file input-v6.csv (CSV, C-alpha atoms)
chain,number,residue,atom,x,y,z
A,1,MET,CA,42.7,33.1,29.0
A,2,GLY,CA,41.9,30.2,31.2
A,3,THR,CA,43.1,26.7,30.6
A,4,ASN,CA,41.2,25.0,27.9
A,5,PRO,CA,40.2,21.5,29.1
A,6,SER,CA,40.9,20.0,25.6
A,7,ASP,CA,44.5,21.2,26.1
A,8,THR,CA,44.9,19.0,29.1
A,9,SER,CA,43.6,15.9,27.4
A,10,TYR,CA,45.8,16.8,24.4
A,11,SER,CA,48.9,16.7,26.6
A,12,VAL,CA,47.7,13.6,28.3
A,13,ASN,CA,47.4,11.9,25.0
A,14,LYS,CA,50.8,13.1,24.0
A,15,GLU,CA,52.2,11.8,27.2
A,16,LEU,CA,50.6,8.4,26.6
A,17,GLU,CA,52.0,8.3,23.0
A,18,HIS,CA,55.4,9.1,24.2
A,19,GLN,CA,55.4,6.5,27.0
A,20,PHE,CA,54.2,3.8,24.6
A,21,VAL,CA,56.6,4.5,21.8
A,22,THR,CA,59.5,4.6,24.3
A,23,GLU,CA,58.5,1.3,25.8
A,24,LEU,CA,58.1,-0.2,22.4
A,25,GLU,CA,61.4,1.1,21.3
A,26,ASN,CA,63.1,-0.5,24.2
A,27,ASN,CA,61.3,-3.9,23.8
A,28,GLN,CA,61.1,-4.1,20.1
A,29,ASN,CA,63.3,-7.2,20.0
A,30,ILE,CA,60.4,-9.3,21.2
A,31,VAL,CA,58.2,-8.2,18.3
A,32,HIS,CA,61.0,-8.7,15.8
A,33,LYS,CA,61.6,-12.2,17.1
A,34,VAL,CA,57.9,-13.1,16.8
A,35,CYS,CA,57.9,-11.7,13.2
A,36,SER,CA,61.0,-13.7,12.3
A,37,LEU,CA,59.3,-16.9,13.4
A,38,TYR,CA,56.0,-16.3,11.7
A,39,THR,CA,57.1,-14.8,8.4
A,40,HIS,CA,59.4,-15.8,5.6
A,41,ASP,CA,60.4,-12.6,3.9
A,42,ARG,CA,61.2,-9.0,4.8
A,43,ASP,CA,58.0,-7.5,3.5
A,44,SER,CA,55.8,-9.8,5.6
A,45,HIS,CA,58.1,-9.3,8.5
A,46,ASN,CA,57.5,-5.5,8.3
A,47,ASP,CA,53.8,-6.1,7.7
A,48,LEU,CA,53.4,-8.2,10.8
A,49,PHE,CA,55.5,-5.8,12.9
A,50,GLN,CA,53.2,-3.0,11.8
A,51,GLU,CA,50.1,-5.0,12.7
A,52,ILE,CA,51.5,-6.0,16.1
A,53,THR,CA,52.4,-2.4,16.8
A,54,ILE,CA,48.8,-1.2,16.0
A,55,GLN,CA,47.3,-3.9,18.2
A,56,LEU,CA,49.7,-3.0,21.1
A,57,TRP,CA,48.8,0.6,20.8
A,58,LYS,CA,45.1,-0.1,20.6
A,59,ALA,CA,45.3,-2.2,23.8
A,60,TYR,CA,47.7,0.1,25.6
A,61,PRO,CA,45.1,2.2,27.5
A,62,LYS,CA,44.0,-1.1,29.1
A,63,PHE,CA,47.6,-1.8,30.2
A,64,ARG,CA,47.9,-0.4,33.7
A,65,GLY,CA,51.3,-1.7,34.6
A,66,GLU,CA,49.9,-4.7,36.5
A,67,SER,CA,52.5,-6.8,34.7
A,68,LYS,CA,55.8,-5.8,33.1
A,69,PHE,CA,55.3,-4.1,29.7
A,70,SER,CA,57.3,-6.9,28.1
A,71,THR,CA,55.1,-9.7,29.6
A,72,TRP,CA,52.0,-8.0,28.2
A,73,MET,CA,53.7,-7.6,24.9
A,74,TYR,CA,54.3,-11.4,24.4
A,75,ARG,CA,50.6,-12.0,24.6
A,76,VAL,CA,49.5,-9.3,22.2
A,77,ALA,CA,52.3,-10.1,19.8
A,78,LEU,CA,51.6,-13.8,19.7
A,79,ASN,CA,47.8,-13.3,19.5
A,80,THR,CA,48.4,-11.0,16.5
A,81,ALA,CA,50.8,-13.4,14.8
A,82,ILE,CA,48.7,-16.6,15.3
A,83,THR,CA,45.2,-15.2,15.0
A,84,LEU,CA,44.7,-11.7,13.9
A,85,TYR,CA,47.3,-11.3,11.2
A,86,ARG,CA,46.1,-12.1,7.7
A,87,LYS,CA,49.0,-13.5,5.7
A,88,SER,CA,49.3,-11.7,2.5
A,89,LYS,CA,50.3,-14.0,-0.4
A,90,LYS,CA,52.3,-17.0,0.5
A,91,ARG,CA,55.8,-16.3,-0.8
A,92,VAL,CA,58.7,-18.6,-1.3
A,93,PRO,CA,61.1,-18.1,1.6
A,94,THR,CA,64.1,-16.2,0.4
A,95,GLN,CA,67.4,-17.5,1.5
A,96,ASP,CA,69.1,-14.2,2.1
A,97,PHE,CA,66.5,-13.2,4.6
A,98,ASP,CA,66.9,-16.3,6.7
A,99,SER,CA,70.6,-15.8,6.8
A,100,VAL,CA,70.2,-12.2,8.0
A,101,LEU,CA,68.2,-13.2,11.0
A,102,PHE,CA,69.7,-16.5,12.0
A,103,LYS,CA,73.2,-15.8,11.0
A,104,ILE,CA,75.5,-18.0,13.0
A,105,LYS,CA,78.8,-16.6,13.8
A,106,ALA,CA,81.4,-19.0,12.7
A,107,ASP,CA,83.9,-18.1,15.3
A,108,GLU,CA,81.6,-18.8,18.2
A,109,TYR,CA,80.6,-22.4,17.3
A,110,ASP,CA,82.3,-25.3,15.7
A,111,ALA,CA,81.1,-26.6,12.4
A,112,GLU,CA,79.0,-29.3,13.9
A,113,GLU,CA,77.2,-27.0,16.2
A,114,GLU,CA,76.6,-24.6,13.4
A,115,ARG,CA,75.1,-27.3,11.3
A,116,GLN,CA,72.8,-28.3,14.1
A,117,LEU,CA,71.6,-24.8,14.7
A,118,LYS,CA,70.8,-24.2,11.1
A,119,LEU,CA,68.9,-27.5,11.1
A,120,MET,CA,67.0,-26.5,14.3
A,121,TYR,CA,66.0,-23.1,12.9
A,122,ASP,CA,64.8,-24.7,9.7
A,123,ALA,CA,62.9,-27.3,11.7
A,124,ILE,CA,61.1,-24.7,13.8
A,125,ARG,CA,60.0,-22.8,10.7
A,126,GLN,CA,58.2,-26.0,9.6
A,127,LEU,CA,56.1,-26.2,12.8
A,128,GLY,CA,52.5,-25.2,13.0
A,129,ASP,CA,51.5,-21.8,14.5
A,130,ILE,CA,50.8,-23.1,18.0
A,131,ASP,CA,53.9,-25.2,18.2
A,132,LYS,CA,55.9,-22.2,17.1
A,133,ALA,CA,54.4,-20.2,19.9
A,134,LEU,CA,55.4,-22.9,22.4
A,135,VAL,CA,59.0,-23.1,21.2
A,136,PHE,CA,59.2,-19.3,21.2
A,137,LEU,CA,58.1,-18.9,24.8
A,138,TYR,CA,60.4,-21.8,25.8
A,139,LEU,CA,63.3,-20.1,24.1
A,140,GLU,CA,62.4,-16.9,25.8
A,141,ASP,CA,62.8,-18.7,29.1
A,142,LYS,CA,59.1,-18.4,30.1
A,143,SER,CA,57.8,-20.6,32.8
A,144,TYR,CA,55.1,-23.2,32.0
A,145,SER,CA,52.6,-21.2,34.0
A,146,GLU,CA,53.2,-18.2,31.8
A,147,ILE,CA,53.1,-20.3,28.7
A,148,SER,CA,49.8,-21.9,29.8
A,149,GLU,CA,48.3,-18.5,30.5
A,150,THR,CA,49.4,-17.0,27.2
A,151,LEU,CA,47.9,-19.8,25.2
A,152,GLY,CA,44.9,-20.6,27.4
A,153,ILE,CA,45.7,-24.2,28.1
A,154,THR,CA,46.4,-25.9,31.5
A,155,GLU,CA,50.0,-26.1,32.7
A,156,VAL,CA,50.0,-29.9,32.5
A,157,ASN,CA,48.9,-29.7,28.9
A,158,ALA,CA,51.5,-27.1,28.1
A,159,ARG,CA,54.2,-29.5,29.3
A,160,VAL,CA,52.6,-32.4,27.4
A,161,LYS,CA,52.5,-30.3,24.3
A,162,MET,CA,56.0,-29.0,24.7
A,163,ASN,CA,57.3,-32.6,24.9
A,164,ARG,CA,55.4,-33.4,21.7
A,165,VAL,CA,57.0,-30.5,20.0
A,166,LYS,CA,60.4,-31.7,21.1
A,167,THR,CA,59.7,-35.1,19.6
A,168,LYS,CA,58.4,-33.5,16.5
A,169,LEU,CA,61.6,-31.5,16.2
A,170,ARG,CA,63.7,-34.6,16.8
A,171,THR,CA,61.9,-36.3,13.9
A,172,ILE,CA,62.5,-33.4,11.6
A,173,LEU,CA,66.1,-33.3,12.6
A,174,ASN,CA,66.8,-37.1,12.3
A,175,PRO,CA,64.4,-38.4,9.7
B,1,MET,CA,68.1,-33.5,21.9
B,2,MET,CA,68.2,-31.5,25.1
B,3,ASP,CA,71.7,-30.4,24.2
B,4,GLU,CA,70.6,-29.2,20.9
B,5,LEU,CA,67.7,-27.3,22.4
B,6,ASP,CA,70.0,-25.7,25.0
B,7,LEU,CA,72.4,-24.7,22.3
B,8,LEU,CA,69.5,-23.2,20.4
B,9,LYS,CA,68.4,-21.3,23.5
B,10,LYS,CA,71.8,-19.9,24.0
B,11,ASP,CA,72.0,-18.8,20.4
B,12,TRP,CA,68.4,-17.4,20.5
B,13,GLN,CA,69.1,-15.2,23.4
B,14,LYS,CA,72.1,-13.7,21.6
B,15,GLN,CA,70.0,-12.7,18.6
B,16,GLY,CA,69.4,-9.2,19.8
B,17,GLU,CA,72.3,-7.7,18.0
B,18,LYS,CA,71.3,-9.3,14.7
B,19,LEU,CA,67.7,-8.1,14.8
B,20,PRO,CA,66.5,-5.1,12.9
B,21,ARG,CA,66.1,-2.0,14.9
B,22,LEU,CA,63.5,0.7,14.3
B,23,THR,CA,63.9,4.3,15.5
B,24,TYR,CA,61.5,6.2,17.8
B,25,ASP,CA,60.1,8.1,14.8
B,26,GLU,CA,59.6,5.1,12.7
B,27,LEU,CA,57.6,3.4,15.5
B,28,TYR,CA,55.7,6.6,16.2
B,29,ALA,CA,54.6,6.8,12.6
B,30,MET,CA,53.4,3.1,12.8
B,31,ILE,CA,50.8,3.7,15.6
B,32,TRP,CA,48.7,5.8,13.2
B,33,LYS,CA,48.5,3.2,10.5
B,34,ARG,CA,45.3,1.3,9.8
B,35,SER,CA,44.9,-2.2,11.1
B,36,SER,CA,44.2,-5.0,8.6
B,37,SER,CA,43.5,-7.7,11.1
B,38,ILE,CA,41.1,-10.6,10.5
B,39,VAL,CA,38.7,-9.1,13.1
B,40,LYS,CA,38.4,-6.0,11.0
B,41,TRP,CA,37.7,-8.1,7.9
B,42,ILE,CA,35.1,-10.1,9.7
B,43,PHE,CA,33.4,-7.0,10.9
B,44,ILE,CA,33.3,-5.4,7.4
B,45,ILE,CA,32.2,-8.7,5.7
B,46,SER,CA,29.6,-9.4,8.3
B,47,ILE,CA,28.1,-5.9,8.0
B,48,LEU,CA,27.9,-6.4,4.2
B,49,GLU,CA,26.2,-9.8,4.8
B,50,PHE,CA,23.6,-8.2,7.1
B,51,ALA,CA,23.0,-5.3,4.6
B,52,LEU,CA,23.0,-7.0,1.2
B,53,PRO,CA,19.7,-9.0,1.3
B,54,HIS,CA,17.9,-5.8,2.4
B,55,LEU,CA,19.4,-3.6,-0.3
B,56,LEU,CA,17.7,-6.0,-2.8
B,57,TYR,CA,14.3,-4.5,-1.7
B,58,LEU,CA,15.4,-1.1,-3.1
B,59,LEU,CA,15.4,-2.5,-6.6
B,60,PRO,CA,12.2,-1.4,-8.5
B,61,SER,CA,11.5,-5.0,-9.6
B,62,ALA,CA,11.3,-6.1,-5.9
B,63,ARG,CA,8.7,-3.4,-5.3
B,64,GLU,CA,6.7,-4.5,-8.2
B,65,GLY,CA,6.8,-7.9,-6.6
B,66,LEU,CA,4.7,-6.5,-3.8
B,67,ALA,CA,1.9,-5.8,-6.2
B,68,LEU,CA,2.1,-9.4,-7.2
B,69,TYR,CA,1.6,-10.6,-3.6
B,70,ASP,CA,-1.6,-8.4,-3.4
B,71,GLU,CA,-3.1,-10.0,-6.4
B,72,LEU,CA,-2.3,-13.5,-5.2
B,73,GLY,CA,-3.9,-12.7,-1.9
B,74,LEU,CA,-0.6,-13.1,0.0
B,75,ARG,CA,-0.4,-9.6,1.4
B,76,TYR,CA,-0.8,-10.5,5.0
B,77,ALA,CA,1.3,-13.7,4.8
B,78,ILE,CA,4.2,-11.7,3.3
B,79,LEU,CA,3.7,-8.8,5.7
B,80,GLY,CA,3.8,-11.1,8.7
B,81,LEU,CA,6.9,-12.8,7.4
B,82,THR,CA,8.6,-9.4,6.9
B,83,VAL,CA,7.8,-8.2,10.4
B,84,LEU,CA,9.1,-11.5,11.8
B,85,GLN,CA,12.2,-11.3,9.6
B,86,TYR,CA,13.2,-7.8,10.7
B,87,SER,CA,12.7,-8.5,14.4
B,88,VAL,CA,15.0,-11.5,14.0
B,89,VAL,CA,17.5,-9.5,11.9
B,90,PHE,CA,17.8,-6.9,14.7
B,91,TYR,CA,18.3,-9.5,17.3
B,92,PHE,CA,21.1,-11.0,15.2
B,93,ILE,CA,22.7,-7.6,14.7
B,94,PHE,CA,22.5,-6.8,18.4
B,95,GLN,CA,24.0,-10.2,19.3
B,96,PHE,CA,26.8,-9.8,16.7
B,97,TYR,CA,27.7,-6.4,18.0
B,98,LYS,CA,27.8,-7.6,21.6
B,99,ARG,CA,30.1,-10.5,20.7
B,100,TYR,CA,32.2,-8.4,18.5
B,101,ARG,CA,32.9,-6.0,21.3
B,102,GLU,CA,34.0,-8.8,23.5
B,103,ILE,CA,36.9,-9.7,21.3
B,104,SER,CA,40.1,-8.6,23.0
B,105,VAL,CA,43.7,-9.1,22.0
B,106,LEU,CA,44.5,-9.3,25.7
B,107,ASP,CA,42.8,-12.7,26.1
B,108,SER,CA,44.7,-15.9,26.0
B,109,ALA,CA,45.2,-17.3,22.4
B,110,ARG,CA,42.5,-19.9,22.9
B,111,GLU,CA,39.9,-17.4,24.4
B,112,LEU,CA,40.6,-14.9,21.6
B,113,MET,CA,40.0,-17.6,18.9
B,114,ARG,CA,36.9,-18.8,20.7
B,115,LYS,CA,35.4,-15.4,20.8
B,116,ILE,CA,36.1,-14.7,17.1
B,117,ILE,CA,34.6,-18.0,16.1
B,118,ARG,CA,31.5,-17.3,18.3
B,119,THR,CA,31.1,-13.8,16.7
B,120,ARG,CA,31.3,-15.3,13.2
B,121,LYS,CA,28.9,-18.1,14.2
B,122,THR,CA,26.2,-15.4,14.9
B,123,VAL,CA,26.5,-14.3,11.3
B,124,LYS,CA,26.5,-17.9,10.1
B,125,ASN,CA,23.2,-18.4,12.0
B,126,TYR,CA,21.8,-15.2,10.5
B,127,ILE,CA,22.7,-16.4,7.0
B,128,ILE,CA,21.0,-19.7,7.6
B,129,PHE,CA,17.9,-17.8,8.8
B,130,ALA,CA,18.0,-15.4,5.9
B,131,LEU,CA,18.3,-18.2,3.4
B,132,SER,CA,15.4,-20.0,5.0
B,133,VAL,CA,13.2,-16.9,4.8
B,134,PHE,CA,14.3,-16.6,1.2
B,135,LEU,CA,13.3,-20.2,0.4
B,136,PHE,CA,10.1,-19.8,2.4
B,137,THR,CA,9.0,-16.8,0.3
B,138,PHE,CA,9.2,-18.9,-2.8
B,139,ILE,CA,7.2,-21.6,-1.2
B,140,ILE,CA,4.5,-19.2,0.0
B,141,ILE,CA,4.2,-17.8,-3.5
B,142,ALA,CA,3.9,-21.3,-5.0
B,143,ILE,CA,1.1,-22.0,-2.5
B,144,GLY,CA,-0.5,-18.7,-3.2
B,145,ILE,CA,-0.5,-19.6,-6.9
B,146,LEU,CA,-2.1,-23.0,-6.3
B,147,PHE,CA,-4.9,-21.5,-4.2
B,148,SER,CA,-5.5,-18.2,-6.1
B,149,ASP,CA,-8.6,-17.9,-8.2
B,150,GLY,CA,-8.1,-18.6,-11.9
B,151,ASP,CA,-8.7,-15.0,-13.2
B,152,SER,CA,-6.2,-13.2,-11.0
B,153,PHE,CA,-3.6,-15.9,-11.5
B,154,LEU,CA,-3.9,-15.5,-15.3
B,155,HIS,CA,-3.7,-11.7,-14.9
B,156,VAL,CA,-0.6,-11.7,-12.8
B,157,PHE,CA,1.3,-13.9,-15.2
B,158,GLU,CA,-0.2,-12.1,-18.2
B,159,LEU,CA,-1.6,-15.2,-19.7
B,160,GLU,CA,-5.1,-14.0,-20.3
B,161,GLY,CA,-6.4,-14.6,-23.8
B,162,LYS,CA,-3.4,-16.5,-24.8
B,163,SER,CA,-4.2,-19.7,-26.4
B,164,ILE,CA,-2.4,-22.3,-24.4
B,165,ASP,CA,-3.2,-25.9,-24.7
B,166,MET,CA,-3.5,-26.4,-20.9
B,167,SER,CA,-6.1,-26.0,-18.2
B,168,THR,CA,-5.6,-23.3,-15.7
B,169,GLN,CA,-5.1,-25.9,-13.0
B,170,GLN,CA,-2.2,-27.5,-15.0
B,171,LEU,CA,-0.7,-24.1,-15.5
B,172,LYS,CA,-0.8,-23.3,-11.8
B,173,LEU,CA,0.9,-26.6,-11.0
B,174,ILE,CA,3.7,-26.0,-13.5
B,175,ILE,CA,4.3,-22.4,-12.5
B,176,SER,CA,4.3,-23.2,-8.8
B,177,GLY,CA,6.7,-26.1,-9.5
B,178,VAL,CA,9.0,-23.8,-11.3
B,179,MET,CA,8.8,-21.3,-8.4
B,180,ILE,CA,9.9,-24.0,-5.9
B,181,ALA,CA,12.7,-25.2,-8.1
B,182,MET,CA,13.9,-21.7,-8.6
B,183,GLY,CA,13.8,-21.1,-4.9
B,184,ILE,CA,15.8,-24.2,-4.1
B,185,VAL,CA,18.5,-23.4,-6.8
B,186,CYS,CA,18.9,-19.8,-5.7
B,187,THR,CA,19.1,-20.7,-2.0
B,188,ALA,CA,21.6,-23.4,-2.7
B,189,LEU,CA,23.7,-21.1,-4.8
B,190,LEU,CA,23.7,-18.3,-2.2
B,191,GLY,CA,24.4,-20.8,0.5
B,192,LEU,CA,27.4,-22.1,-1.4
B,193,ILE,CA,28.9,-18.7,-2.0
B,194,TYR,CA,28.4,-17.8,1.7
B,195,PHE,CA,30.0,-20.9,3.1
B,196,LEU,CA,33.0,-20.5,0.8
B,197,ILE,CA,33.6,-17.0,2.2
B,198,TYR,CA,33.0,-18.3,5.7
B,199,GLY,CA,35.4,-21.2,5.2
B,200,LEU,CA,38.2,-19.1,3.7
B,201,LEU,CA,38.0,-16.5,6.4
B,202,LEU,CA,38.2,-18.9,9.3
B,203,ARG,CA,40.3,-21.7,7.9
B,204,LYS,CA,43.6,-20.9,9.6
B,205,LEU,CA,41.9,-19.8,12.8
B,206,GLY,CA,39.8,-23.0,13.0
B,207,ARG,CA,42.8,-25.1,12.5
B,208,ASN,CA,44.8,-23.4,15.3
B,209,TYR,CA,41.8,-23.4,17.6
B,210,SER,CA,41.1,-27.1,17.2
B,211,GLU,CA,44.8,-27.8,17.8
B,212,LEU,CA,44.6,-26.0,21.2
B,213,LYS,CA,41.3,-27.7,22.0
B,214,ARG,CA,42.5,-31.2,21.1
B,215,LEU,CA,44.8,-31.1,24.1
B,216,GLU,CA,42.0,-30.7,26.6
B,217,VAL,CA,40.3,-34.0,25.7

call {"tool": "encode", "arguments": {"input": "input-v6.csv", "output": "structure tokens"}}
result
Amino acid sequence: MGTNPSDTSYSVNKELEHQFVTELENNQNIVHKVCSLYTHDRDSHNDLFQEITIQLWKAYPKFRGESKFSTWMYRVALNTAITLYRKSKKRVPTQDFDSVLFKIKADEYDAEEERQLKLMYDAIRQLGDIDKALVFLYLEDKSYSEISETLGITEVNARVKMNRVKTKLRTILNP
Amino acid sequence: MMDELDLLKKDWQKQGEKLPRLTYDELYAMIWKRSSSIVKWIFIISILEFALPHLLYLLPSAREGLALYDELGLRYAILGLTVLQYSVVFYFIFQFYKRYREISVLDSARELMRKIIRTRKTVKNYIIFALSVFLFTFIIIAIGILFSDGDSFLHVFELEGKSIDMSTQQLKLIISGVMIAMGIVCTALLGLIYFLIYGLLLRKLGRNYSELKRLEV
């Protein structure tokens, strides 16, 4: 029997699936971080994670390794969180979930730093969707040019906006 | 403040060990699940909005309505309007599909939002068009009634031989007035329902989009 052409495409697909899931497995922290910023409880965290995974997979054939897999992931993950994801019912944030994600290790920081961090995380959660994205990219050490490309604004405006977000955070922290 | 943010950055980058971790198999299972993104919802709802007004014609009462047009001498006016309506409908569907296909998660946040809003706007324009045709149909019928000859008018509304204390002309005026009033009320009601759906679907998106746009001014 000769080789069936559909066998080849079958194995090509399998190869693609394997490649994708391996990359995702290695870079899943990025997605978890986005989910932790944009959702307030474990169910919606998983829900958003699921949706981002689907969007990543759907777009994967168009990813041709021009950029790093992780760079490409930031864009798809944020687009999904900000725009595509439909929030299921608004739920009251549960305290135990917050503490799982943003648990501060007491032995690493003094009490004052710990208090500040807790306040910061709470303040970030109160920001709007776009501001959250800015803070997220900033915390991930992204350059302003990368931030501006991801959000679709100019670099100057990205800086201006970031400064405004800092001011906003400051007001939330010291009312 | 900068110190606080730096402290936060330091802590943020150490989060890795605290985050949940999914296995290869769990992730593999996820890629086969169905998306429930807003784009998908917009697609489904838009298709329904395109289809619903046309499904109404399948109702028997709507087909009886065609006989009514004949008797009122409106056959060609209504036929012309229908031909025009369908050409415009197909134009809108084509436009919608083209714009829908252009939506890509790989665009920048702003571009993605702009394309979604533009796609939805096509449907919005379609609805405005459909509602206008709807209202226009009522108006044409009202005009048809006013200018129909008395006998066929009385026949259509089954008023022959009934002793009504009014002239045929007065009856025509009243019935065409009622037609126009009905047309306005129905159109307003449908419009209200539609713009509620539209507003709810795009509220969050519109807010984020205008926040990104506000910067550019």

call {"tool": "closest_atom_pairs", "arguments": {"input": "input-v6.csv", "of": "chain A", "to": "chain B", "cutoff": "6 Å", "atoms": "all atoms listed in the file", "output": "Markdown table"}}
result
| residue | atom | partner | partner_atom | distance |
| --- | --- | --- | --- | --- |
| A:Ile54 | CA | B:Ile31 | CA | 5.3 |
| A:Val76 | CA | B:Val105 | CA | 5.8 |
| A:Asn79 | CA | B:Ala109 | CA | 5.6 |
| A:Leu84 | CA | B:Ser37 | CA | 5.0 |
| A:Tyr85 | CA | B:Ser37 | CA | 5.2 |
| A:Arg86 | CA | B:Ile38 | CA | 5.9 |
| A:Leu139 | CA | B:Lys9 | CA | 5.3 |
| A:Thr150 | CA | B:Ser108 | CA | 5.0 |
| A:Leu151 | CA | B:Ala109 | CA | 4.6 |
| A:Gly152 | CA | B:Ser108 | CA | 4.9 |

call {"tool": "axis_aligned_box", "arguments": {"input": "input-v6.csv", "around": "segment 91-97 of chain B", "padding_each_side": "3 Å", "output": "lines of an AutoDock Vina configuration file"}}
result
center_x = 23.0
center_y = -8.7
center_z = 17.0
size_x = 15.4
size_y = 10.6
size_z = 10.6

call {"tool": "atom_distance", "arguments": {"input": "input-v6.csv", "atom1": "atom CA of Phe134 of chain B", "atom2": "atom CA of Ala188 of chain B"}}
result
10.7 Å

call {"tool": "atom_distance", "arguments": {"input": "input-v6.csv", "atom1": "atom CA of Val165 of chain A", "atom2": "atom CA of Arg125 of chain A"}}
result
12.4 Å

call {"tool": "atom_distance", "arguments": {"input": "input-v6.csv", "atom1": "atom CA of Gln95 of chain B", "atom2": "atom CA of Lys124 of chain B"}}
result
12.3 Å

call {"tool": "residues_around", "arguments": {"input": "input-v6.csv", "residues": "segment 158-161 of chain A", "least_positions_apart": "4", "cutoff": "10 Å", "atoms": "all atoms listed in the file", "output": "list in words"}}
result
Ile130, Asp131, Leu134, Tyr144, Ser145, Glu146, Ile147, Ser148, Glu149, Leu151, Gly152, Ile153, Thr154, Val165, Lys166 and Thr167 of chain A; Leu212 and Leu215 of chain B

call {"tool": "residues_around", "arguments": {"input": "input-v6.csv", "residues": "Ala77 of chain B", "least_positions_apart": "3", "cutoff": "10 Å", "atoms": "all atoms listed in the file", "output": "list in words"}}
result
Tyr69, Gly73, Leu74, Gly80, Leu81, Thr82, Thr137, Ile140, Ile141 and Gly144 of chain B

call {"tool": "closest_residue", "arguments": {"input": "input-v6.csv", "among": "A:Asp141, A:Asp47, A:Asp41, A:Glu25", "to": "Phe69 of chain A", "atoms": "only C-alpha atoms"}}
result
A:Glu25

call {"tool": "residues_around", "arguments": {"input": "input-v6.csv", "residues": "segment 34-39 of chain A", "least_positions_apart": "4", "cutoff": "9 Å", "atoms": "only C-alpha atoms", "output": "VMD selection string"}}
result
chain A and resid 29 to 30 43 to 49 74 77 to 78 81 to 82 87 93 98 101 124 to 125 129 132 to 133 136
